[in-house]
Each structure stands twice: as structure tokens, then as C-alpha cells.
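A short worksheet on the structure shown next.
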Amino acid sequence: MVQAYILIQTEVGKAAAVASEITDFAGIISAEDVTGPYDVIVRAEAENVDLLGKMVVAKIQNVEGITRTLTCPVVHL
């Protein structure tokens, strides 16, 4: 399994709705509203990097109110 943090910027006032919608997607471990340069931080998992990328592009980036995402895969050093 591959896990990643997905940092999300949203339109003003949309963070709670974005986090709530994303929480219901398969492969999402958690989705939290945060303060700072990003509005929502998601922890997600998929069987491989390709499926993780498809989740981000096909599902998460299509949620209304999202303006930008940054995917940070978890590495075990």
C-alpha cells in the first residue's frame, strides 16, 4: 500500500464542505480542516502510486471548491 498526505487549497468558505465530501471517498483515511497556507489535509492510501494519482486527479480534484492540491507520498526511511 502507498499512503500520502494531500494538501488542499479551497475557495474561501469551502474547506468544511470539501473535507466532508472527500471523507466519503474510498481510500481516504482522514480529511481535516486546518489553518495556514492549506485549508484541508487528507491522508489517503491506494494499492500503488498509479492508483493514488488516479484518485487525486479523477476524484479529489473534481470536488467543487478545490483550487489546488499538493500530493506528498509517505516514505519510510
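Letters for chains follow the order of the C-alpha cells (A, B, ...), residue numbers begin at 1 for each chain, and ligand numbers begin at 1 in the order shown.
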
Neighbours of Glu45 of chain A within 7 Å (only C-alpha atoms; same-chain residues fewer than 6 positions away dropped), as a ChimeraX atom specification? /A:1-4,27-28,52

Which residues are near Glu21 of chain A? Cut-off 10 Å, only C-alpha atoms, ignore same chain within fewer than 5 positions. Put them as a JSON list (two decimals) with N, CA and C atoms, in the first residue's frame.
```json
[["chain", "number", "residue", "atom", "x", "y", "z"],
["A", 16, "ALA", "N", -14.78, 23.24, 4.89],
["A", 16, "ALA", "CA", -15.57, 22.24, 5.62],
["A", 16, "ALA", "C", -16.34, 21.34, 4.66],
["A", 31, "ALA", "N", -9.74, 13.33, 6.55],
["A", 31, "ALA", "CA", -9.77, 14.62, 5.87],
["A", 31, "ALA", "C", -10.11, 15.67, 6.93],
["A", 60, "ILE", "N", -10.54, 13.58, -6.28],
["A", 60, "ILE", "CA", -10.34, 14.70, -5.36],
["A", 60, "ILE", "C", -10.33, 16.05, -6.09],
["A", 63, "VAL", "N", -13.70, 17.78, -6.91],
["A", 63, "VAL", "CA", -14.61, 18.26, -5.88],
["A", 63, "VAL", "C", -14.76, 19.77, -6.03],
["A", 64, "GLU", "N", -16.00, 20.23, -6.02],
["A", 64, "GLU", "CA", -16.28, 21.65, -6.18],
["A", 64, "GLU", "C", -15.68, 22.44, -5.01]]
```

One decimal, Å: what's the distance from atom CA of Val56 of chain A over to atom CA of Asp33 of chain A, could you say? 17.6 Å

How close does each residue of segment 37-62 of chain A get to segment 66-77 of chain A, giving the shortest atom pair and distance in Å to one decimal for every residue with an atom at most 10 Å away, counting only C-alpha atoms, sorted by chain and residue number, as CSV?
```
residue,atom,partner,partner_atom,distance
A:Tyr38,CA,A:Thr69,CA,8.9
A:Asp39,CA,A:Ile66,CA,9.5
A:Val40,CA,A:Thr69,CA,9.5
A:Ile41,CA,A:Thr69,CA,9.6
A:Val42,CA,A:Thr71,CA,9.3
A:Arg43,CA,A:Cys72,CA,9.5
A:Ala44,CA,A:Pro73,CA,9.2
A:Glu45,CA,A:Pro73,CA,9.4
A:Val49,CA,A:Pro73,CA,8.6
A:Leu52,CA,A:Pro73,CA,9.2
A:Gly53,CA,A:Thr71,CA,8.6
A:Val56,CA,A:Thr71,CA,8.1
A:Val57,CA,A:Thr69,CA,9.5
A:Ile60,CA,A:Ile66,CA,8.3
A:Gln61,CA,A:Ile66,CA,6.5
A:Asn62,CA,A:Ile66,CA,7.6
```

Could you check the closest approach to Asp24 of chain A for each of A:Val12, A:Asn48, A:Tyr5, A:Lys59 and tell me which residue wins, using only C-alpha atoms? A:Lys59

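Counting from atom CA of Lys54 of chain A, the distance to atom CA of Ser30 of chain A is 17.9 Å.
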
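Restricting the calculation to only C-alpha atoms, the smallest distance between Glu32 of chain A and any of A:Ala46, A:Ile8, A:Gly65, A:Met55 is found for A:Ile8.
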
DSSP on the backbone: which residues in segment 2-77 of chain A end up as alpha helix (DSSP H)? Give the answer as a VMD selection string. chain A and resid 15 to 23 49 to 54

Hey, what does DSSP flag as strand (DSSP E or B) within chain A? Can you give it to me as JSON, numbers by chain? {"A": [2, 3, 4, 5, 6, 7, 8, 9, 10, 28, 29, 30, 31, 32, 33, 40, 41, 42, 43, 44, 45, 46, 66, 67, 68, 69, 70, 71, 72, 73]}
